[in-house]
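The structure file protein.csv is reproduced below (CSV, C-alpha atoms).
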```csv
chain,number,residue,atom,x,y,z
A,1,MET,CA,8.7,-27.5,-1.3
A,2,ASP,CA,6.9,-26.2,-4.4
A,3,PHE,CA,7.8,-22.6,-5.5
A,4,SER,CA,5.2,-22.5,-8.3
A,5,LEU,CA,1.6,-21.3,-8.2
A,6,SER,CA,-1.1,-23.9,-7.8
A,7,ALA,CA,-3.3,-24.7,-10.8
A,8,GLU,CA,-6.1,-22.6,-9.2
A,9,GLN,CA,-3.8,-19.7,-8.7
A,10,GLU,CA,-2.6,-19.9,-12.2
A,11,MET,CA,-6.2,-19.9,-13.5
A,12,PHE,CA,-7.0,-16.9,-11.4
A,13,ARG,CA,-3.8,-15.0,-12.5
A,14,ASP,CA,-4.7,-15.8,-16.2
A,15,SER,CA,-8.2,-14.5,-15.7
A,16,VAL,CA,-7.0,-11.3,-14.1
A,17,ARG,CA,-4.4,-10.9,-16.9
A,18,GLY,CA,-7.1,-11.3,-19.5
A,19,PHE,CA,-9.3,-8.6,-17.8
A,20,ALA,CA,-6.3,-6.3,-17.6
A,21,GLU,CA,-5.4,-6.8,-21.3
A,22,ARG,CA,-8.9,-6.1,-22.4
A,23,HIS,CA,-9.7,-3.1,-20.2
A,24,LEU,CA,-6.5,-1.6,-18.9
A,25,ARG,CA,-3.7,-1.8,-21.4
A,26,ASP,CA,-5.1,1.0,-23.6
A,27,GLY,CA,-4.8,4.2,-21.6
A,28,ALA,CA,-2.2,2.9,-19.2
A,29,VAL,CA,0.2,5.8,-19.9
A,30,ALA,CA,-2.6,8.4,-19.6
A,31,ARG,CA,-3.8,7.0,-16.3
A,32,ALA,CA,-0.2,7.2,-14.9
A,33,ASN,CA,-0.1,10.9,-15.7
A,34,ALA,CA,-3.6,11.8,-14.6
A,35,ASP,CA,-4.2,13.8,-11.4
A,36,THR,CA,-7.3,11.9,-10.4
A,37,TYR,CA,-7.9,8.5,-8.7
A,38,PRO,CA,-9.0,5.9,-11.3
A,39,ALA,CA,-12.6,5.5,-9.8
A,40,ASP,CA,-14.0,4.3,-13.1
A,41,ILE,CA,-11.5,1.4,-13.1
A,42,ALA,CA,-12.2,0.6,-9.5
A,43,ARG,CA,-15.9,0.2,-10.3
A,44,LEU,CA,-15.1,-2.0,-13.2
A,45,MET,CA,-12.8,-4.1,-10.9
A,46,ALA,CA,-15.6,-4.4,-8.3
A,47,GLN,CA,-17.9,-5.8,-11.0
A,48,GLN,CA,-15.2,-8.4,-11.7
A,49,GLY,CA,-14.9,-9.4,-8.0
A,50,LEU,CA,-11.4,-7.9,-7.7
A,51,LEU,CA,-12.2,-5.9,-4.6
A,52,GLY,CA,-12.6,-7.5,-1.2
A,53,ILE,CA,-10.7,-10.6,-2.3
A,54,THR,CA,-9.6,-11.5,1.2
A,55,ILE,CA,-12.8,-10.4,2.9
A,56,PRO,CA,-15.2,-13.2,4.0
A,57,GLU,CA,-18.2,-13.8,1.8
A,58,GLN,CA,-20.6,-13.1,4.7
A,59,ASP,CA,-19.2,-9.5,4.7
A,60,GLY,CA,-19.6,-9.1,0.9
A,61,GLY,CA,-16.1,-10.2,-0.1
A,62,GLN,CA,-14.7,-13.1,-2.1
A,63,GLY,CA,-13.4,-15.2,0.8
A,64,GLY,CA,-9.9,-15.6,-0.8
A,65,THR,CA,-6.4,-15.6,0.6
A,66,LEU,CA,-3.9,-12.8,0.9
A,67,MET,CA,-1.9,-14.6,-1.8
A,68,ASP,CA,-4.9,-14.3,-4.1
A,69,ALA,CA,-4.8,-10.5,-3.5
A,70,VAL,CA,-1.1,-10.4,-4.2
A,71,ILE,CA,-1.5,-12.2,-7.5
A,72,ALA,CA,-4.2,-9.7,-8.5
A,73,ILE,CA,-2.3,-6.6,-7.6
A,74,GLU,CA,0.9,-7.8,-9.3
A,75,THR,CA,-0.9,-9.0,-12.4
A,76,ILE,CA,-2.8,-5.7,-12.8
A,77,ALA,CA,0.3,-3.6,-12.2
A,78,LEU,CA,2.2,-5.5,-14.9
A,79,VAL,CA,-0.3,-4.2,-17.4
A,80,CYS,CA,-1.4,-0.8,-16.0
A,81,PRO,CA,0.7,0.3,-13.0
A,82,ARG,CA,-1.7,3.1,-11.9
A,83,SER,CA,-4.8,0.8,-11.9
A,84,ALA,CA,-3.1,-1.3,-9.2
A,85,ASP,CA,-3.9,1.6,-6.8
A,86,ALA,CA,-7.6,0.5,-7.0
A,87,ILE,CA,-6.6,-3.1,-6.1
A,88,GLN,CA,-4.6,-1.7,-3.1
A,89,ALA,CA,-7.5,0.4,-1.9
A,90,GLY,CA,-10.0,-2.4,-2.2
A,91,ASN,CA,-8.0,-5.2,-0.6
A,92,PHE,CA,-5.2,-4.0,1.6
A,93,GLY,CA,-4.9,-1.6,4.5
A,94,PRO,CA,-7.9,0.2,6.1
A,95,VAL,CA,-10.6,-1.8,4.2
A,96,ARG,CA,-9.1,-5.0,5.6
A,97,VAL,CA,-8.9,-3.5,9.1
A,98,LEU,CA,-12.6,-2.5,8.9
A,99,ALA,CA,-13.6,-5.9,7.7
A,100,ALA,CA,-11.6,-7.7,10.5
A,101,TYR,CA,-12.5,-5.5,13.5
A,102,GLY,CA,-15.6,-3.4,12.5
A,103,SER,CA,-18.9,-4.0,14.2
A,104,THR,CA,-21.8,-5.4,12.3
A,105,ASP,CA,-23.3,-2.0,12.0
A,106,GLN,CA,-20.1,-0.4,10.7
A,107,LYS,CA,-19.8,-3.1,8.1
A,108,LYS,CA,-23.4,-2.6,7.0
A,109,ARG,CA,-23.0,1.2,6.7
A,110,TYR,CA,-19.6,1.3,5.1
A,111,LEU,CA,-18.1,-2.0,3.8
A,112,SER,CA,-20.6,-2.7,1.1
A,113,LYS,CA,-20.1,0.7,-0.5
A,114,LEU,CA,-16.3,0.3,-0.3
A,115,LEU,CA,-16.4,-3.1,-2.0
A,116,ALA,CA,-18.7,-1.8,-4.7
A,117,ALA,CA,-16.2,1.1,-5.3
A,118,GLU,CA,-19.0,3.5,-4.5
A,119,ALA,CA,-16.9,4.9,-1.7
A,120,LEU,CA,-13.2,5.1,-0.9
A,121,ILE,CA,-11.4,4.7,2.5
A,122,ALA,CA,-8.1,6.2,3.6
A,123,VAL,CA,-6.0,5.6,6.7
A,124,ALA,CA,-4.9,8.7,8.6
A,125,MET,CA,-2.0,8.0,10.9
A,126,THR,CA,1.0,10.1,10.2
A,127,GLU,CA,1.3,13.5,12.0
A,128,PRO,CA,3.8,16.4,11.6
A,129,GLU,CA,5.7,15.1,14.7
A,130,ALA,CA,4.8,11.4,14.5
A,131,GLY,CA,6.1,9.7,11.4
A,132,SER,CA,8.2,6.6,11.9
A,133,ALA,CA,7.5,7.2,15.7
A,134,VAL,CA,3.8,6.8,15.1
A,135,THR,CA,3.2,6.1,18.8
A,136,ASP,CA,4.0,9.8,19.4
A,137,LEU,CA,0.8,10.8,17.8
A,138,THR,CA,-1.2,13.5,19.6
A,139,THR,CA,-4.5,13.6,17.8
A,140,SER,CA,-6.8,13.3,20.8
A,141,ALA,CA,-10.2,11.6,21.5
A,142,THR,CA,-11.7,13.3,24.5
A,143,PRO,CA,-14.9,11.8,26.1
A,144,ASP,CA,-18.0,13.9,25.3
A,145,GLY,CA,-21.3,12.3,26.4
A,146,ASP,CA,-21.5,8.9,24.7
A,147,GLY,CA,-18.9,9.8,22.1
A,148,PHE,CA,-15.6,11.6,21.7
A,149,LEU,CA,-14.3,15.0,20.4
A,150,ILE,CA,-11.4,14.6,18.0
A,151,ASN,CA,-8.8,17.3,17.8
A,152,GLY,CA,-5.5,17.3,15.9
A,153,GLY,CA,-4.2,16.8,12.4
A,154,LYS,CA,-2.7,14.3,10.0
A,155,VAL,CA,-0.3,14.6,7.0
A,156,PHE,CA,0.8,12.5,4.1
A,157,THR,CA,-2.5,10.6,4.0
A,158,SER,CA,-2.7,8.7,0.7
A,159,LEU,CA,-6.1,9.2,-1.1
A,160,SER,CA,-6.9,12.1,1.2
A,161,ARG,CA,-8.1,14.1,-1.8
A,162,TYR,CA,-10.7,11.5,-2.9
A,163,ALA,CA,-11.6,9.4,0.2
A,164,ASP,CA,-15.1,9.5,1.6
A,165,LEU,CA,-14.2,7.8,4.8
A,166,PHE,CA,-11.1,8.1,7.0
A,167,LEU,CA,-9.8,5.5,9.5
A,168,VAL,CA,-8.1,7.9,11.9
A,169,TYR,CA,-5.5,6.9,14.5
A,170,VAL,CA,-6.3,8.8,17.8
A,171,ARG,CA,-5.2,8.9,21.3
A,172,PHE,CA,-7.8,8.0,24.0
A,173,GLY,CA,-5.2,8.1,26.8
A,174,PRO,CA,-1.5,8.0,27.5
A,175,GLY,CA,1.0,5.5,26.2
A,176,VAL,CA,0.7,2.9,23.5
A,177,ASP,CA,-2.3,1.3,25.1
A,178,GLY,CA,-4.1,4.6,24.8
A,179,ILE,CA,-4.1,4.5,21.0
A,180,GLY,CA,-7.1,3.4,19.0
A,181,SER,CA,-9.0,4.5,15.9
A,182,VAL,CA,-12.3,6.1,14.8
A,183,LEU,CA,-14.1,6.4,11.5
A,184,ILE,CA,-14.8,9.9,10.3
A,185,GLU,CA,-16.7,10.8,7.2
A,186,ARG,CA,-15.7,13.5,4.8
A,187,GLY,CA,-17.8,16.6,5.4
A,188,ALA,CA,-18.2,15.9,9.2
A,189,GLU,CA,-18.6,19.1,11.2
A,190,GLY,CA,-15.2,20.4,12.3
A,191,PHE,CA,-13.3,18.2,9.8
A,192,SER,CA,-11.5,20.2,7.1
A,193,ILE,CA,-9.0,19.3,4.4
A,194,GLY,CA,-6.1,21.5,3.3
A,195,GLN,CA,-4.8,22.4,-0.1
A,196,PRO,CA,-3.4,19.5,-2.1
A,197,VAL,CA,0.4,18.9,-2.2
A,198,ARG,CA,2.0,16.8,-4.9
A,199,PHE,CA,4.4,14.0,-4.2
A,200,LEU,CA,7.3,13.3,-6.6
A,201,SER,CA,5.2,10.3,-7.8
A,202,GLY,CA,2.5,12.5,-9.0
A,203,GLU,CA,0.1,11.5,-6.2
A,204,GLN,CA,-1.5,14.3,-4.2
A,205,TRP,CA,-2.2,14.5,-0.5
A,206,ALA,CA,-3.8,17.1,1.7
A,207,GLN,CA,-3.4,17.9,5.4
A,208,LEU,CA,-6.4,16.8,7.6
A,209,TYR,CA,-7.6,19.0,10.4
A,210,PHE,CA,-9.9,17.9,13.2
A,211,ASP,CA,-11.4,20.7,15.3
A,212,ASN,CA,-13.8,19.2,17.9
A,213,VAL,CA,-15.1,16.6,15.5
A,214,TYR,CA,-17.7,14.6,17.3
A,215,VAL,CA,-17.5,10.9,16.8
A,216,GLY,CA,-20.3,8.8,18.3
A,217,PRO,CA,-19.8,5.4,19.8
A,218,LYS,CA,-21.0,3.7,16.6
A,219,ASN,CA,-17.9,5.1,14.8
A,220,VAL,CA,-15.3,4.0,17.2
A,221,LEU,CA,-13.5,1.2,15.4
A,222,LEU,CA,-10.9,0.2,18.0
A,223,GLY,CA,-10.9,1.8,21.3
A,224,LYS,CA,-8.2,2.0,24.0
A,225,GLY,CA,-5.7,-0.8,23.5
A,226,GLY,CA,-6.4,-1.2,19.8
A,227,PHE,CA,-3.0,-0.2,18.5
A,228,LYS,CA,-1.6,-3.7,18.2
A,229,LYS,CA,-4.6,-4.9,16.2
A,230,GLN,CA,-4.3,-1.8,13.9
A,231,ILE,CA,-0.7,-2.5,13.2
A,232,GLU,CA,-1.4,-6.2,12.5
A,233,GLY,CA,-3.9,-4.9,9.9
A,234,PHE,CA,-1.4,-2.4,8.6
A,235,ASN,CA,1.0,-5.2,7.8
A,236,VAL,CA,-1.5,-6.2,5.1
A,237,GLU,CA,-1.1,-2.7,3.6
A,238,ARG,CA,2.7,-3.2,3.6
A,239,ILE,CA,2.2,-6.4,1.6
A,240,GLY,CA,0.3,-4.4,-1.0
A,241,ASN,CA,3.1,-1.8,-1.0
A,242,SER,CA,5.6,-4.6,-1.5
A,243,ALA,CA,3.7,-6.2,-4.3
A,244,ARG,CA,3.3,-2.9,-6.2
A,245,ALA,CA,7.0,-2.1,-5.8
A,246,LEU,CA,7.9,-5.4,-7.1
A,247,ALA,CA,5.5,-5.3,-10.0
A,248,LEU,CA,6.4,-1.8,-11.1
A,249,GLY,CA,10.1,-2.8,-11.0
A,250,GLN,CA,9.2,-5.9,-13.1
A,251,HIS,CA,7.1,-3.7,-15.5
A,252,ALA,CA,10.1,-1.4,-16.0
A,253,PHE,CA,12.3,-4.4,-16.5
A,254,ASN,CA,10.0,-5.8,-19.2
A,255,LEU,CA,10.0,-2.5,-21.1
A,256,ALA,CA,13.8,-2.2,-20.9
A,257,ARG,CA,14.1,-5.8,-22.1
A,258,GLU,CA,12.0,-5.1,-25.2
A,259,HIS,CA,14.0,-1.9,-25.8
A,260,ALA,CA,17.3,-3.8,-25.5
A,261,ILE,CA,16.1,-6.2,-28.2
A,262,THR,CA,14.8,-3.7,-30.7
A,263,ARG,CA,17.1,-0.7,-30.1
A,264,ARG,CA,20.3,-0.7,-32.2
A,265,GLN,CA,23.5,1.3,-31.5
A,266,PHE,CA,26.9,0.9,-33.1
A,267,GLY,CA,25.4,-1.5,-35.6
A,268,ARG,CA,24.0,-4.0,-33.2
A,269,PRO,CA,21.1,-4.5,-30.7
A,270,LEU,CA,21.7,-3.2,-27.1
A,271,CYS,CA,21.2,-6.7,-25.7
A,272,GLU,CA,24.5,-7.8,-27.3
A,273,PHE,CA,26.6,-5.5,-25.1
A,274,GLN,CA,27.9,-7.3,-22.0
A,275,GLY,CA,27.6,-4.3,-19.8
A,276,LEU,CA,23.8,-4.3,-20.3
A,277,GLN,CA,23.6,-8.1,-20.1
A,278,TRP,CA,25.0,-7.9,-16.5
A,279,LYS,CA,22.5,-5.2,-15.6
A,280,PHE,CA,19.6,-7.4,-16.7
A,281,ALA,CA,21.1,-10.4,-14.9
A,282,ASP,CA,21.3,-8.4,-11.6
A,283,MET,CA,17.8,-7.1,-12.0
A,284,LYS,CA,16.4,-10.6,-12.7
A,285,MET,CA,18.1,-12.0,-9.6
A,286,GLN,CA,16.8,-9.3,-7.4
A,287,LEU,CA,13.3,-9.4,-8.7
A,288,ASP,CA,13.1,-13.1,-8.4
A,289,ALA,CA,14.4,-13.1,-4.8
A,290,ALA,CA,12.0,-10.3,-3.9
A,291,ARG,CA,9.1,-12.3,-5.3
A,292,LEU,CA,9.9,-15.4,-3.2
A,293,LEU,CA,10.1,-13.3,0.0
A,294,LEU,CA,6.8,-11.6,-0.8
A,295,TYR,CA,5.1,-14.9,-1.6
A,296,ARG,CA,6.4,-16.4,1.6
A,297,ALA,CA,4.9,-13.6,3.7
A,298,ALA,CA,1.5,-13.8,1.8
A,299,ASN,CA,1.3,-17.6,1.7
A,300,ASN,CA,2.1,-18.0,5.4
A,301,ALA,CA,-0.6,-15.5,6.3
A,302,ASP,CA,-3.3,-17.7,4.6
A,303,LYS,CA,-6.6,-15.9,5.5
A,304,GLY,CA,-5.2,-14.1,8.5
A,305,PHE,CA,-2.7,-11.3,9.0
A,306,PRO,CA,0.9,-11.8,7.8
A,307,SER,CA,3.9,-12.1,10.2
A,308,ALA,CA,5.4,-8.8,11.1
A,309,GLN,CA,8.9,-10.2,10.6
A,310,GLU,CA,8.2,-11.8,7.2
A,311,THR,CA,6.4,-8.6,6.1
A,312,ALA,CA,9.3,-6.4,7.1
A,313,ILE,CA,11.7,-8.6,5.2
A,314,ALA,CA,9.5,-8.7,2.1
A,315,LYS,CA,8.8,-4.9,2.2
A,316,ALA,CA,12.4,-3.9,2.6
A,317,TYR,CA,13.6,-6.2,-0.2
A,318,CYS,CA,10.8,-5.6,-2.6
A,319,ASN,CA,11.0,-1.8,-2.2
A,320,ARG,CA,14.7,-1.9,-2.9
A,321,ALA,CA,14.6,-4.4,-5.8
A,322,GLY,CA,11.6,-2.6,-7.4
A,323,PHE,CA,13.3,0.8,-7.3
A,324,GLU,CA,16.7,-0.5,-8.5
A,325,ALA,CA,15.1,-2.3,-11.4
A,326,ALA,CA,13.2,0.8,-12.4
A,327,SER,CA,16.3,2.9,-12.0
A,328,GLU,CA,18.4,0.6,-14.1
A,329,ALA,CA,15.6,0.3,-16.7
A,330,LEU,CA,15.5,4.1,-17.0
A,331,GLN,CA,19.3,4.2,-17.5
A,332,ILE,CA,19.2,1.5,-20.2
A,333,MET,CA,16.4,3.3,-22.1
A,334,GLY,CA,18.1,6.7,-21.8
A,335,GLY,CA,16.0,9.7,-22.9
A,336,THR,CA,13.2,7.4,-23.9
A,337,GLY,CA,12.9,6.0,-20.4
A,338,TYR,CA,13.2,9.5,-18.9
A,339,SER,CA,10.2,10.7,-20.9
A,340,GLU,CA,6.5,10.5,-20.0
A,341,GLY,CA,5.8,8.7,-23.2
A,342,THR,CA,6.8,5.4,-21.5
A,343,LEU,CA,5.9,4.2,-18.1
A,344,VAL,CA,9.5,3.6,-16.9
A,345,GLU,CA,9.9,7.1,-15.4
A,346,TYR,CA,6.5,6.6,-13.7
A,347,CYS,CA,7.6,3.3,-12.2
A,348,PHE,CA,10.9,5.0,-11.1
A,349,ARG,CA,9.0,7.8,-9.2
A,350,ARG,CA,6.4,5.5,-7.6
A,351,THR,CA,8.9,2.8,-6.4
A,352,ARG,CA,11.0,5.5,-4.8
A,353,GLY,CA,8.1,6.7,-2.7
A,354,TRP,CA,7.3,3.2,-1.4
A,355,MET,CA,10.8,3.0,0.2
A,356,ILE,CA,9.4,5.7,2.6
A,357,ALA,CA,5.6,5.0,2.7
A,358,GLY,CA,4.1,2.4,4.9
A,359,GLY,CA,7.2,2.1,7.1
A,360,SER,CA,10.6,3.2,5.7
A,361,ILE,CA,13.3,0.6,4.8
A,362,GLU,CA,15.2,1.7,7.9
A,363,ILE,CA,12.2,1.0,10.2
A,364,MET,CA,11.8,-2.4,8.5
A,365,LYS,CA,15.4,-3.2,9.2
A,366,ASN,CA,14.8,-2.3,12.9
A,367,ARG,CA,11.9,-4.8,13.0
A,368,ILE,CA,14.0,-7.4,11.3
A,369,ALA,CA,16.8,-7.0,13.9
A,370,GLU,CA,14.3,-7.3,16.7
A,371,GLY,CA,13.3,-10.7,15.2
A,372,ILE,CA,16.9,-11.8,14.9
A,373,PHE,CA,17.7,-11.0,18.6
A,374,GLU,CA,14.2,-11.7,19.9
A,375,ARG,CA,14.0,-8.5,21.8
A,376,HIS,CA,12.7,-5.0,21.4
A,377,PHE,CA,15.2,-2.2,20.7
A,378,SER,CA,13.8,1.2,21.7
A,379,GLN,CA,14.9,4.0,19.4
A,380,ARG,CA,14.3,6.6,22.1
A,381,PRO,CA,17.2,8.0,24.1
A,382,PRO,CA,17.5,6.6,27.7
A,383,ARG,CA,15.6,8.5,30.3
A,384,PRO,CA,17.7,10.4,32.9
A,385,ALA,CA,18.2,8.6,36.1
A,386,GLY,CA,15.4,9.2,38.7
A,387,THR,CA,12.7,9.9,36.1
A,388,ASN,CA,9.6,7.8,35.5
```

Do you think you could lay out the structure here as structure tokens?
Amino acid sequence: MDFSLSAEQEMFRDSVRGFAERHLRDGAVARANADTYPADIARLMAQQGLLGITIPEQDGGQGGTLMDAVIAIETIALVCPRSADAIQAGNFGPVRVLAAYGSTDQKKRYLSKLLAAEALIAVAMTEPEAGSAVTDLTTSATPDGDGFLINGGKVFTSLSRYADLFLVYVRFGPGVDGIGSVLIERGAEGFSIGQPVRFLSGEQWAQLYFDNVYVGPKNVLLGKGGFKKQIEGFNVERIGNSARALALGQHAFNLAREHAITRRQFGRPLCEFQGLQWKFADMKMQLDAARLLLYRAANNADKGFPSAQETAIAKAYCNRAGFEAASEALQIMGGTGYSEGTLVEYCFRRTRGWMIAGGSIEIMKNRIAEGIFERHFSQRPPRPAGTN
């Protein structure tokens, strides 16, 4: 069993690294502290073929594997953490679901613009009363002529301030089988967006409101019974989440390592103190283990969707390893790491958020346990006797 990248993958990684060094290293700190989405960087990446890496060539993509996309997002994040957001948006999550399940017409209208970074898509799934229990969502799709009227609201939608298109989870009927999704454009009649709210990471989101938003049949992505396919596609988003968490932890580790070599206290470099040596050893072991779990999930997916079990393991471990590495790096660098002048505090804030977003670590552990025991464990309380 070979744990190294293939020659082709190494060439691709080196090419992406060269691009990042030329175009992204300068301004990395400023981008991390900017309020806006790096749309200019996304367009530059589109020109380099770094968007749509896993999407078939006939749909305007590069026809690569999920592992190729992981290499790209990790390599970009190691140079400019914020720019990895554009790789996430252009390769993981809703854009991949659209490419996999969208109609020819939907792809023609939307996908080419998304892959050229001329538009941005966001997935709207979480609701005030439906977070980890996403199947409790109540945003409704009521038949109206040939289409549907959408009513409800969504919260915590990443990129909601900037997205031109929203993949919205809706309820066509009762139960899990009643859940599907529709495509709603920004500016649609009855669709409004609330005031922005800032996460600890610096990212901003805004609540989405749907008041009798009409969606024609051409904008129904997955109808009744589409929930399982949507979650299979969402596992790709979790792989992107895992890769960024790992890469930002590694980025912080690299900065702390350089600091430990050059910073002197008590007459010698920090790296000569055993207490700090052990911190670096622990971080190195955790980051290496996380990378192996991530690569396993991505490699085994090939050009399809990754295993839910392997994705859950990779996400839970990468989230934790990335955050702990960023936290320890901040501690090692002291006031310097805690300041905005370096990217360590940014990596700390972003990795903390990914332990919640895309499926919390606790939910991932539930999924892992289901795989271990080969059965589903409902988190809902048992129904009283005599009820349906």

**OP:** Name the residues in contact with Leu120 in chain A at a cut-off of 9 Å, using all atoms listed in the file, excluding same-chain residues fewer than 2 positions from it; report them as a ChimeraX atom specification.
**Re:** /A:39,89-90,95,113-115,117-118,122,159,162-166

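Coordinates place CA of Val176 in chain A at a distance of 20.8 Å from CA of Pro384 in chain A.
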
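When all atoms listed in the file are used to compute distances to Val236 in chain A, the closest of the residues A:Ala325, A:Leu66, A:Ala141, A:Ile313 turns out to be A:Leu66.
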
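Minimum atom-to-atom distance to Cys318 in chain A, evaluated using only C-alpha atoms, belongs to A:Arg238 out of A:Arg238, A:His376, A:Lys154, A:Arg268.
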
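For the set A:Gly225, A:Gly240, A:Pro143, A:Gly178, the residue with the smallest atom-to-atom gap to Ile73 in chain A is A:Gly240, counting all atoms listed in the file.
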
**OP:** Would you list the contacts of Ala20 in chain A as a ChimeraX atom specification, taking every protein, DNA or RNA residue within 7 Å and counting only C-alpha atoms, but skipping same-chain residues closer than 4 positions in sequence?
**Re:** /A:16,24-25,76,79

Contact residues around range 278-291 of chain A with all atoms listed in the file at 7 Å, ignoring same-chain residues under 4 positions, as a CSV table (one decimal) with C-alpha atoms, in the coordinates of the input:
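The result, stored in result14.csv:
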```csv
chain,number,residue,atom,x,y,z
A,246,LEU,CA,7.9,-5.4,-7.1
A,250,GLN,CA,9.2,-5.9,-13.1
A,274,GLN,CA,27.9,-7.3,-22.0
A,295,TYR,CA,5.1,-14.9,-1.6
A,314,ALA,CA,9.5,-8.7,2.1
A,317,TYR,CA,13.6,-6.2,-0.2
A,318,CYS,CA,10.8,-5.6,-2.6
A,321,ALA,CA,14.6,-4.4,-5.8
A,325,ALA,CA,15.1,-2.3,-11.4
```

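Closest approach to Leu167 in chain A among A:Asp14, A:Glu185, A:Asp59, A:Glu370 is made by A:Glu185 (distances from only C-alpha atoms).
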